[in-house]
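Have a look at protein-v5.txt below; it lists compact mmCIF, C-alpha atoms.
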# COMPACT_ATOMS: atom_id res chain seq x y z
CA MET E 26 -1.63 16.42 59.05
CA ILE E 27 -4.84 14.98 57.65
CA GLY E 28 -5.33 18.11 55.65
CA ARG E 29 -1.92 17.68 54.06
CA TRP E 30 -2.82 14.16 52.99
CA ILE E 31 -6.10 15.30 51.53
CA ARG E 32 -4.38 18.00 49.59
CA PHE E 33 -1.78 15.50 48.46
CA LEU E 34 -4.41 13.08 47.19
CA LEU E 35 -6.19 15.95 45.58
CA ALA E 36 -3.00 16.89 43.75
CA ILE E 37 -2.65 13.30 42.58
CA SER E 38 -6.21 13.33 41.32
CA VAL E 39 -5.65 16.54 39.44
CA GLY E 40 -2.50 15.03 37.98
CA ILE E 41 -4.35 11.91 36.88
CA GLY E 42 -6.97 14.05 35.22
CA LEU E 43 -4.33 16.05 33.41
CA GLY E 44 -2.61 12.86 32.34
CA LEU E 45 -5.81 11.39 30.98
CA VAL E 46 -6.65 14.55 29.08
CA TYR E 47 -3.21 14.60 27.55
CA GLY E 48 -3.10 10.88 26.84
CA TRP E 49 -6.59 10.56 25.43
CA ILE E 50 -7.22 13.88 23.79
CA ILE E 51 -4.15 16.03 23.25
CA SER E 52 -1.70 13.30 22.28
CA PRO E 53 -3.42 9.91 22.15
CA VAL E 54 -1.71 6.76 21.00
CA THR E 55 -1.78 7.17 17.26
CA TYR E 56 -3.14 4.01 15.74
CA VAL E 57 -2.98 5.63 12.35
CA GLU E 58 -2.04 2.41 10.62
CA THR E 59 -5.35 0.72 11.07
CA THR E 60 -6.55 -2.60 9.78
CA PRO E 61 -9.49 -3.26 7.46
CA ASP E 62 -11.58 -4.71 10.27
CA THR E 63 -11.90 -1.20 11.72
CA LEU E 64 -13.32 0.30 8.54
CA ARG E 65 -16.58 2.14 8.87
CA VAL E 66 -19.70 0.31 7.77
CA ASP E 67 -20.07 2.12 4.47
CA TYR E 68 -16.46 1.49 3.49
CA ARG E 69 -16.90 -2.13 4.49
CA ALA E 70 -19.94 -2.39 2.27
CA ASP E 71 -18.00 -0.94 -0.65
CA TYR E 72 -15.17 -3.36 0.08
CA VAL E 73 -17.62 -6.25 -0.12
CA LEU E 74 -18.98 -4.79 -3.35
CA MET E 75 -15.47 -4.75 -4.80
CA VAL E 76 -14.99 -8.38 -3.82
CA SER E 77 -18.31 -9.15 -5.51
CA GLU E 78 -17.27 -7.34 -8.68
CA ALA E 79 -14.01 -9.24 -8.74
CA PHE E 80 -15.82 -12.52 -8.11
CA ALA E 81 -18.27 -11.82 -10.92
CA ASN E 82 -15.31 -11.63 -13.29
CA GLU E 83 -13.00 -14.28 -11.88
CA GLN E 84 -15.46 -16.77 -10.38
CA ASP E 85 -12.70 -17.53 -7.92
CA LEU E 86 -14.46 -18.19 -4.63
CA PRO E 87 -11.33 -18.98 -2.58
CA ALA E 88 -9.88 -15.64 -3.64
CA ALA E 89 -13.09 -13.90 -2.58
CA VAL E 90 -12.95 -15.64 0.79
CA ARG E 91 -9.33 -14.58 1.26
CA ARG E 92 -10.25 -10.98 0.54
CA LEU E 93 -13.25 -11.01 2.83
CA ALA E 94 -11.14 -12.44 5.63
CA LEU E 95 -9.37 -9.09 5.89
CA LEU E 96 -12.56 -7.52 7.20
CA GLY E 97 -12.39 -9.45 10.41
CA ALA E 98 -13.18 -12.71 12.11
CA ASP E 99 -16.82 -12.89 11.06
CA ALA E 100 -17.81 -15.63 8.67
CA PRO E 101 -17.60 -14.40 5.08
CA GLY E 102 -21.29 -15.04 4.58
CA ASP E 103 -22.17 -12.87 7.55
CA THR E 104 -19.93 -10.09 6.31
CA VAL E 105 -21.57 -10.14 2.92
CA ALA E 106 -25.06 -10.34 4.40
CA GLN E 107 -24.39 -7.26 6.51
CA ALA E 108 -23.10 -5.45 3.47
CA ILE E 109 -26.17 -6.39 1.46
CA GLN E 110 -28.40 -5.09 4.21
CA PHE E 111 -26.51 -1.81 4.30
CA ALA E 112 -26.57 -1.58 0.52
CA ARG E 113 -30.35 -1.96 0.44
CA GLN E 114 -30.75 0.67 3.13
CA GLN E 115 -28.53 3.10 1.25
CA GLY E 116 -30.16 2.49 -2.12
CA TYR E 117 -27.25 0.96 -3.99
CA ASN E 118 -27.76 0.18 -7.67
CA ALA E 119 -29.76 -2.95 -8.31
CA SER E 120 -26.87 -4.44 -10.27
CA ASP E 121 -24.49 -3.88 -7.36
CA VAL E 122 -26.85 -5.56 -4.94
CA GLU E 123 -27.27 -8.44 -7.36
CA ARG E 124 -23.52 -8.94 -7.52
CA MET E 125 -23.30 -9.01 -3.77
CA GLN E 126 -26.17 -11.46 -3.61
CA ALA E 127 -24.46 -13.67 -6.16
CA LEU E 128 -21.39 -13.75 -3.97
CA ASP E 129 -23.55 -14.50 -0.95
CA THR E 130 -25.16 -17.39 -2.78
CA ALA E 131 -21.80 -18.76 -3.81
CA LEU E 132 -20.54 -18.53 -0.25
CA GLN E 133 -23.56 -20.45 0.99
CA THR E 134 -22.73 -23.15 -1.50
CA LEU E 135 -19.21 -23.23 -0.15
CA ASP E 136 -20.51 -23.51 3.41
CA LEU E 137 -22.81 -26.36 2.40
CA SER E 138 -20.07 -28.26 0.62
CA GLN E 139 -17.71 -27.87 3.53
CA GLY E 140 -20.39 -28.96 5.99
CA ALA E 141 -21.54 -31.94 3.97
CA ALA E 142 -21.02 -35.37 5.47
CA PRO E 143 -18.19 -37.37 3.89
CA MET K 10 14.28 24.52 53.79
CA ASN K 11 11.46 25.85 55.94
CA GLU K 12 8.07 24.40 56.64
CA ASP K 13 6.26 26.47 53.99
CA GLU K 14 8.52 25.45 51.11
CA ARG K 15 8.22 21.80 52.01
CA GLY K 16 4.43 22.23 52.08
CA HIS K 17 4.35 23.30 48.45
CA LEU K 18 6.69 20.59 47.32
CA TYR K 19 4.41 17.76 48.39
CA LEU K 20 1.61 19.17 46.22
CA LEU K 21 3.91 19.28 43.24
CA THR K 22 5.02 15.74 43.93
CA GLY K 23 1.41 14.61 44.08
CA LEU K 24 0.66 16.36 40.82
CA ILE K 25 3.56 14.69 39.07
CA ILE K 26 2.62 11.27 40.40
CA GLY K 27 -0.93 11.83 39.21
CA VAL K 28 0.15 12.87 35.73
CA VAL K 29 2.37 9.82 35.42
CA LEU K 30 -0.45 7.55 36.53
CA GLY K 31 -2.87 9.20 34.14
CA LEU K 32 -0.54 8.89 31.19
CA ALA K 33 0.21 5.27 32.01
CA TYR K 34 -3.47 4.52 32.05
CA ALA K 35 -4.21 6.40 28.84
CA TRP K 36 -1.25 5.17 26.85
CA TRP K 37 -0.74 1.59 28.00
CA TYR K 38 -3.62 0.22 29.99
CA GLN K 39 -6.54 1.73 28.12
CA PRO K 40 -5.28 3.47 24.99
CA VAL K 41 -7.63 4.99 22.45
CA LYS K 42 -8.90 2.41 20.03
CA TYR K 43 -10.02 3.58 16.64
CA THR K 44 -13.14 2.29 14.99
CA ASP K 45 -15.06 3.48 11.96
CA THR K 46 -11.87 4.35 10.13
CA ALA K 47 -11.41 5.30 6.51
CA PRO K 48 -9.24 3.59 3.91
CA ALA K 49 -6.70 6.43 4.03
CA SER K 50 -5.68 5.45 7.57
CA LEU K 51 -4.93 1.82 6.74
CA GLN K 52 -1.47 0.36 7.19
CA SER K 53 0.52 0.48 4.00
CA GLU K 54 0.29 -3.28 3.61
CA PHE K 55 -3.50 -3.13 3.75
CA LYS K 56 -3.58 -0.08 1.54
CA ASP K 57 -1.79 -2.18 -1.06
CA LYS K 58 -4.39 -4.92 -0.71
CA TYR K 59 -7.18 -2.35 -0.94
CA ARG K 60 -5.62 -0.82 -4.03
CA ALA K 61 -5.20 -4.24 -5.61
CA LEU K 62 -8.86 -5.01 -4.90
CA ILE K 63 -9.90 -1.77 -6.57
CA ALA K 64 -7.92 -2.82 -9.64
CA VAL K 65 -9.33 -6.34 -9.69
CA ALA K 66 -12.85 -4.94 -9.27
CA TYR K 67 -12.15 -2.63 -12.19
CA LEU K 68 -11.41 -5.66 -14.34
CA GLY K 69 -14.80 -6.96 -13.29
CA ASN K 70 -16.88 -3.87 -13.97
CA ASN K 71 -14.71 -1.87 -16.38
CA ASP K 72 -15.85 1.27 -14.58
CA LEU K 73 -12.98 3.72 -14.56
CA VAL K 74 -14.99 6.46 -12.87
CA ARG K 75 -15.79 4.23 -9.97
CA ALA K 76 -12.22 2.96 -9.73
CA ARG K 77 -10.89 6.50 -9.68
CA GLY K 78 -13.33 7.48 -6.96
CA ARG K 79 -12.27 4.55 -4.83
CA LEU K 80 -8.58 5.26 -5.35
CA GLU K 81 -9.09 8.80 -4.12
CA LEU K 82 -10.15 7.40 -0.77
CA LEU K 83 -6.60 6.20 -0.20
CA LYS K 84 -5.33 9.78 -0.48
CA ASP K 85 -2.19 8.79 -2.34
CA ASP K 86 0.06 11.67 -3.30
CA ASP K 87 0.25 10.33 -6.83
CA VAL K 88 -2.39 7.75 -7.68
CA LEU K 89 -0.85 6.62 -10.95
CA ARG K 90 2.61 6.30 -9.50
CA ALA K 91 1.31 4.29 -6.57
CA LEU K 92 -0.55 1.96 -8.92
CA SER K 93 2.37 1.52 -11.26
CA GLU K 94 4.92 0.89 -8.55
CA GLN K 95 2.69 -1.57 -6.80
CA ALA K 96 2.10 -3.33 -10.10
CA GLN K 97 5.82 -3.74 -10.54
CA ARG K 98 6.41 -4.88 -7.01
CA THR K 99 3.62 -7.42 -7.28
CA LEU K 100 4.86 -8.62 -10.63
CA ALA K 101 8.35 -9.04 -9.26
CA GLU K 102 6.94 -11.08 -6.40
CA THR K 103 5.03 -13.54 -8.57
CA GLY K 104 6.40 -16.99 -8.41
CA ALA K 105 6.09 -20.25 -6.55
CA ASP K 106 6.26 -18.62 -3.15
CA SER K 107 3.96 -15.71 -3.84
CA SER K 108 0.29 -15.40 -2.95
CA PRO K 109 -2.07 -17.08 -5.41
CA ASP K 110 -3.62 -13.74 -6.29
CA ALA K 111 -0.34 -11.98 -7.09
CA ALA K 112 -0.32 -12.56 -10.82
CA VAL K 113 -3.92 -11.44 -11.24
CA GLU K 114 -3.40 -8.40 -9.08
CA ALA K 115 -0.21 -7.39 -10.86
CA ARG K 116 -1.99 -7.46 -14.18
CA ALA K 117 -5.02 -5.64 -12.83
CA LEU K 118 -2.91 -2.91 -11.25
CA GLY K 119 -0.96 -2.40 -14.43
CA LEU K 120 -4.05 -2.23 -16.59
CA LEU K 121 -5.79 0.19 -14.26
CA ALA K 122 -2.71 2.41 -14.26
CA ILE K 123 -2.69 2.37 -18.03
CA ALA K 124 -6.40 3.10 -18.24
CA LEU K 125 -6.12 6.03 -15.84
CA GLY K 126 -3.12 7.34 -17.70
CA GLN K 127 -4.92 7.25 -21.01
CA ALA K 128 -8.23 8.67 -19.85
CA GLN K 129 -8.84 12.37 -19.91
CA PRO K 130 -9.29 14.00 -16.52
CA GLY K 131 -12.76 12.99 -15.55
CA PRO K 132 -15.44 15.09 -13.95
CA ALA K 133 -15.21 15.77 -10.29
CA ILE K 134 -15.97 12.46 -8.77
CA ALA K 135 -19.08 12.49 -6.63
CA VAL K 136 -17.27 10.98 -3.68
CA THR K 137 -19.39 13.02 -1.42
CA GLY K 138 -20.37 12.09 2.02
CA LEU K 139 -16.85 11.50 3.24
CA PRO K 140 -16.91 11.74 6.98
CA VAL K 141 -16.35 15.17 8.45
CA THR K 142 -16.40 13.90 11.99
CA PRO K 143 -13.48 11.91 13.24
CA PRO K 144 -13.65 8.19 13.73
CA ALA K 145 -15.26 7.03 16.91
CA ALA K 146 -13.15 5.62 19.71
CA SER K 147 -14.31 2.74 21.83
CA THR K 148 -12.94 3.71 25.21
CA PRO K 149 -15.13 3.84 28.28
CA GLU K 150 -15.39 7.60 27.94
CA PRO K 151 -14.79 8.00 24.26
CA PRO K 152 -12.98 11.23 23.58
CA THR K 153 -13.42 12.88 20.22
CA VAL K 154 -10.21 12.22 18.36
CA THR K 155 -9.49 14.02 15.17
CA ALA K 156 -7.87 12.08 12.37
CA GLU K 157 -6.32 15.22 10.89
CA GLY K 158 -2.57 15.10 10.94
CA LEU K 159 -2.53 11.48 11.94
CA LEU K 160 -2.43 9.99 8.48
CA PRO K 161 0.81 8.23 7.66
CA SER K 162 3.00 9.98 5.18
CA GLU K 163 3.43 8.03 2.00
CA THR K 164 6.90 7.53 0.69
CA PRO K 165 6.62 5.82 -2.67
CA ALA K 166 9.54 3.63 -3.61
CA GLU K 167 11.66 5.10 -6.32
CA ALA K 168 11.31 3.61 -9.77
CA THR K 169 14.60 2.36 -11.06
CA ILE K 170 13.75 2.20 -14.72
CA ILE K 171 12.57 4.99 -16.97
CA ALA K 172 9.57 2.98 -18.16
CA THR K 173 7.92 3.30 -14.81
CA GLN K 174 7.49 7.05 -14.97
CA ILE K 175 3.87 7.91 -14.95
CA LEU K 176 3.06 11.14 -16.61
CA ASP K 177 0.15 13.37 -15.86
CA ASP K 178 -3.03 12.74 -17.80
CA THR K 179 -2.19 13.34 -21.47
CA ALA K 180 -5.00 12.16 -23.65
CA SER K 181 -4.43 11.04 -27.22
CA SER K 182 -6.73 12.31 -29.92
CA ALA K 183 -8.65 9.05 -29.91
CA THR K 184 -9.10 8.86 -26.19
CA PRO K 185 -12.73 8.59 -25.24
CA GLU K 186 -14.33 10.98 -22.84
CA PRO K 187 -16.00 9.22 -19.99
CA ALA K 188 -19.63 10.10 -19.68
CA THR K 189 -20.48 12.50 -16.93
CA SER K 190 -21.63 10.64 -13.89
CA GLU K 191 -25.02 11.55 -12.65
CA SER K 192 -24.81 13.32 -9.37
CA THR K 193 -26.52 11.44 -6.65
CA SER K 194 -28.05 12.95 -3.63
CA LEU K 195 -26.51 11.96 -0.39
CA PRO K 196 -28.24 9.15 1.37
CA ALA K 197 -29.45 9.69 4.88
CA ALA K 198 -26.87 8.95 7.49
CA PRO K 199 -27.18 5.47 8.93
CA SER K 200 -29.30 5.44 12.02
CA GLY K 201 -27.36 5.70 15.20
CA GLU K 202 -24.61 7.90 13.78
CA VAL K 203 -24.41 11.59 14.30
CA THR K 204 -24.55 13.75 11.18
CA THR K 205 -22.00 11.72 9.22
CA PRO K 206 -23.03 11.15 5.63
CA ALA K 207 -22.26 7.67 4.39
CA PHE K 208 -19.76 7.08 1.64
CA GLN K 209 -21.70 6.71 -1.57
CA VAL K 210 -20.27 4.31 -4.13
CA PRO K 211 -19.56 6.34 -7.26
CA PRO K 212 -22.33 5.55 -9.74
CA SER K 213 -21.45 3.56 -12.81
CA ALA K 214 -20.55 5.64 -15.83
CA THR K 215 -21.06 4.61 -19.41
CA LEU K 216 -17.77 4.95 -21.26
CA GLY K 217 -17.65 6.52 -24.66
CA PRO K 218 -16.44 4.87 -27.86
CA ARG K 219 -13.27 2.78 -27.75
CA PRO K 220 -10.04 4.18 -29.15
CA THR K 221 -9.87 3.62 -32.89
CA GLN K 222 -6.28 2.44 -32.84
CA THR K 223 -7.34 -0.78 -31.15
CA PRO K 224 -10.34 -1.82 -33.15
CA THR K 225 -10.34 -5.48 -32.26
CA ARG K 226 -9.44 -5.65 -28.62
CA THR K 227 -10.47 -3.90 -25.48
CA LEU K 228 -7.96 -2.35 -23.21
CA ALA K 229 -7.81 -4.99 -20.62
CA PHE K 230 -9.60 -8.23 -21.04
CA THR K 231 -8.89 -10.05 -24.27
CA ALA K 232 -5.21 -10.93 -24.03
CA THR K 233 -4.29 -14.31 -25.43
CA PRO K 234 -2.42 -15.98 -22.62
CA GLY K 235 -0.02 -18.71 -23.47
CA ALA K 236 1.27 -17.60 -26.87
CA PRO K 237 4.88 -16.53 -26.41
CA PHE K 238 6.03 -13.20 -27.77
CA LEU K 239 8.51 -13.42 -30.61
CA LEU K 240 10.98 -10.81 -31.78
CA LEU K 241 9.70 -9.17 -34.94
CA SER K 242 12.47 -6.68 -35.59
CA GLN K 243 15.47 -5.07 -33.94
CA ASP K 244 16.53 -1.69 -35.25
CA LYS K 245 19.25 0.80 -34.39
CA LEU K 246 18.12 4.36 -33.87
CA CYS K 247 20.91 6.88 -34.24
CA ASP K 248 18.86 9.79 -35.50
CA ASN K 249 18.76 11.72 -32.28
CA GLU K 250 21.50 12.18 -29.77
CA LEU K 251 20.29 10.91 -26.44
CA PRO K 252 21.53 11.87 -23.00
CA ALA K 253 21.62 8.19 -22.08
CA PRO K 254 21.35 4.95 -24.02
CA LEU K 255 17.87 3.55 -24.45
CA ILE K 256 16.27 0.24 -25.27
CA GLN K 257 12.75 0.67 -26.57
CA ILE K 258 10.22 -2.12 -26.66
CA VAL K 259 6.96 -2.31 -28.58
CA ALA K 260 4.52 -5.16 -28.02
CA LEU K 261 2.13 -6.00 -30.85
CA ASP K 262 -0.64 -8.50 -31.28
CA ARG K 263 -1.26 -10.66 -34.30
CA TYR K 264 -3.12 -7.76 -35.91
CA ASN K 265 -0.11 -5.49 -35.49
CA GLN K 266 -1.90 -3.50 -32.82
CA PRO K 267 -0.03 -2.27 -29.75
CA MET K 268 -0.64 -4.23 -26.58
CA PRO K 269 -0.60 -2.48 -23.22
CA GLY K 270 -0.11 -4.26 -19.97
CA VAL K 271 2.45 -6.75 -21.27
CA ALA K 272 5.11 -7.65 -18.74
CA VAL K 273 8.66 -6.89 -19.84
CA ILE K 274 11.30 -8.87 -17.99
CA VAL K 275 14.86 -7.59 -18.16
CA ALA K 276 17.69 -9.59 -16.61
CA TRP K 277 21.38 -8.89 -16.17
CA PRO K 278 24.13 -10.54 -14.15
CA GLY K 279 22.96 -10.29 -10.59
CA GLY K 280 19.65 -8.61 -11.22
CA GLU K 281 16.24 -8.59 -12.83
CA GLU K 282 13.55 -5.98 -13.32
CA ARG K 283 9.98 -6.14 -14.53
CA PHE K 284 7.71 -3.48 -15.89
CA PHE K 285 4.73 -3.09 -18.22
CA THR K 286 4.11 -1.75 -21.69
CA GLY K 287 1.70 1.13 -22.04
CA LEU K 288 2.83 3.25 -19.14
CA LYS K 289 3.92 6.01 -21.52
CA PRO K 290 0.74 6.45 -23.53
CA GLU K 291 2.15 9.39 -25.51
CA LYS K 292 4.59 6.95 -27.11
CA GLY K 293 2.01 4.28 -27.80
CA SER K 294 -0.02 1.93 -25.75
CA GLY K 295 2.34 -0.97 -26.43
CA TYR K 296 5.53 0.93 -25.66
CA ALA K 297 8.04 0.59 -22.87
CA ASP K 298 11.70 1.49 -22.51
CA PHE K 299 14.59 1.35 -20.13
CA SER K 300 18.06 2.83 -19.99
CA PRO K 301 20.81 0.18 -19.96
CA ALA K 302 23.98 0.76 -18.05
CA PRO K 303 27.03 0.95 -20.31
CA GLY K 304 29.08 -2.18 -20.35
CA VAL K 305 26.32 -4.47 -19.07
CA LEU K 306 24.73 -7.19 -21.16
CA TYR K 307 20.97 -7.69 -20.78
CA SER K 308 18.50 -10.41 -21.60
CA LEU K 309 14.97 -9.29 -22.39
CA ARG K 310 11.72 -11.14 -22.92
CA LEU K 311 8.04 -10.33 -22.94
CA GLY K 312 5.94 -12.39 -20.61
CA GLU K 313 7.18 -15.37 -18.68
CA ASN K 314 7.41 -17.60 -21.74
CA GLY K 315 8.48 -15.02 -24.30
CA GLN K 316 11.46 -15.66 -26.55
CA PRO K 317 14.46 -14.14 -24.76
CA GLU K 318 16.72 -11.74 -26.56
CA ASP K 319 20.20 -11.93 -25.11
CA ASN K 320 23.32 -9.79 -25.20
CA LEU K 321 21.52 -6.49 -25.43
CA ALA K 322 23.79 -3.60 -24.59
CA ALA K 323 23.83 0.17 -24.73
CA LEU K 324 24.04 1.38 -28.31
CA VAL K 325 26.87 3.70 -29.26
CA CYS K 326 26.41 5.65 -32.48
CA VAL K 327 29.26 7.23 -34.40
CA ARG K 328 29.02 10.33 -36.56
CA ALA K 329 30.95 10.82 -39.76
CA GLY K 330 33.56 12.80 -37.90
CA GLY K 331 34.09 10.03 -35.40
CA GLU K 332 32.10 11.60 -32.59
CA ARG K 333 30.33 9.00 -30.48
CA TYR K 334 26.98 9.45 -28.86
CA TRP K 335 24.25 7.32 -27.29
CA GLY K 336 21.58 5.79 -29.47
CA ALA K 337 18.60 3.53 -28.94
CA TRP K 338 17.61 -0.02 -29.82
CA LEU K 339 14.04 -0.50 -30.97
CA LEU K 340 12.74 -4.02 -30.43
CA LYS K 341 9.34 -4.98 -31.73
CA PHE K 342 7.72 -8.13 -30.40
CA VAL K 343 4.62 -9.82 -31.64
CA GLN K 344 2.34 -12.33 -30.00
CA PRO K 345 1.21 -14.68 -32.78
Can you dump the structure from the file as structure tokens?
Amino acid sequence: MIGRWIRFLLAISVGIGLGLVYGWIISPVTYVETTPDTLRVDYRADYVLMVSEAFANEQDLPAAVRRLALLGADAPGDTVAQAIQFARQQGYNASDVERMQALDTALQTLDLSQGAAP
Amino acid sequence: MNEDERGHLYLLTGLIIGVVLGLAYAWWYQPVKYTDTAPASLQSEFKDKYRALIAVAYLGNNDLVRARGRLELLKDDDVLRALSEQAQRTLAETGADSSPDAAVEARALGLLAIALGQAQPGPAIAVTGLPVTPPAASTPEPPTVTAEGLLPSETPAEATIIATQILDDTASSATPEPATSESTSLPAAPSGEVTTPAFQVPPSATLGPRPTQTPTRTLAFTATPGAPFLLLSQDKLCDNELPAPLIQIVALDRYNQPMPGVAVIVAWPGGEERFFTGLKPEKGSGYADFSPAPGVLYSLRLGENGQPEDNLAALVCVRAGGERYWGAWLLKFVQP
């Protein structure tokens, strides 16, 4: 009797394993429609660079903040700082890094103005 | 049913219960979560935002090579068509209730589409270093999940007006050749990742000389907002028999030079459509057209504050023998 139960539990375990293999590997839930916050670090850096290029032309800081917000819940300044760090590591053009730094500077100004005492 | 048959059944039952439990865990309780994704896997709404950002960035750096490289990351079936249709959709959505960036993005998308349509096919873009390993998954025991075959299929919306057709790259004789981008060696993979080259931003390319037919304005950035377009001339064209009636529009600046990227707004009872000039570069960078439905009266203007031209209808031409055939109206507008 005990042997039957052991074999039963063993069959369940095998079934769980098969289910996990199928559900995780063979046919996982297909989150193909991802969101920008899941972008890989290099694509995120390029995204920040695009926002910087747009900002350099438009000088529209609220628009830049709106665009950066798509990359996730981090503060825009943090997102840009991370991108600048990655850009330096990867040897981006000096002009590209400068644009990103200009955006970073502008965002710091925004943070200061929002944090200033009335 | 004897004892032996029942003995096998309980194993099968256990197996089935186990599979169900495993699937429930893998699909609902702890499904695979994707991280480190690429732009091609974004939801269509975010792809649109990404595409709009590429266009707005292009206005900022005027780097067509880079813009093209970035657009290729989205893996659109037809890059120009996607740009043009999104430009129209965005333009149609501009208004009091739209996002504050809509007008800028509509213009940027349209101008990028025009620029790509006019440029010769560029050199192979050095968008090297695209990931060859699938995106990582952040489950407790992360399985390797391939992204192949999981990308959403794109179904571009159909254009309803002829002017939105985007042709393949057909360069005019004055079209500049973009300078060949310098190939860049791949950077080292970021530390912590396994043999996955990082995406390298396409290097800036120096464009060649500007087209001679627009000596005093660049393609994108020197429009004179505010001045309403006025009708310069309206001509009947009955030279060629057309399969369908046509209304042709040409937008000109004060120097009589064609102006691409000008919004054309066509209204009729119960409907309105918007499109841009310059999307048929073989007919001129300031050209647009649409095919009116017989029996319908249209109102047409260029830009939001352009002078409207009302009661436009399909043109019917008559030959000497009385045979009737479709003709075309040619409307030229100028921005003083």
At most 9 Å to chain K: residues in chain E, only C-alpha atoms, as a PyMOL selection string: chain E and resi 29+32-51+53-68+71-72+74-83+88+92+95+111+114-118
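CA of Gly312 (chain K) is found 25.6 Å from CA of Gly336 (chain K).
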Proximity to Val275 (chain K) - best of K:Val74, K:Val325, K:Ala101, K:Ala260, all atoms listed in the file: K:Ala101
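Across the structure, CA of Arg328 (chain K) and CA of Lys245 (chain K) are spaced 13.8 Å apart.
CA of Asp85 (chain E) is found 17.5 Å from CA of Ala100 (chain E).
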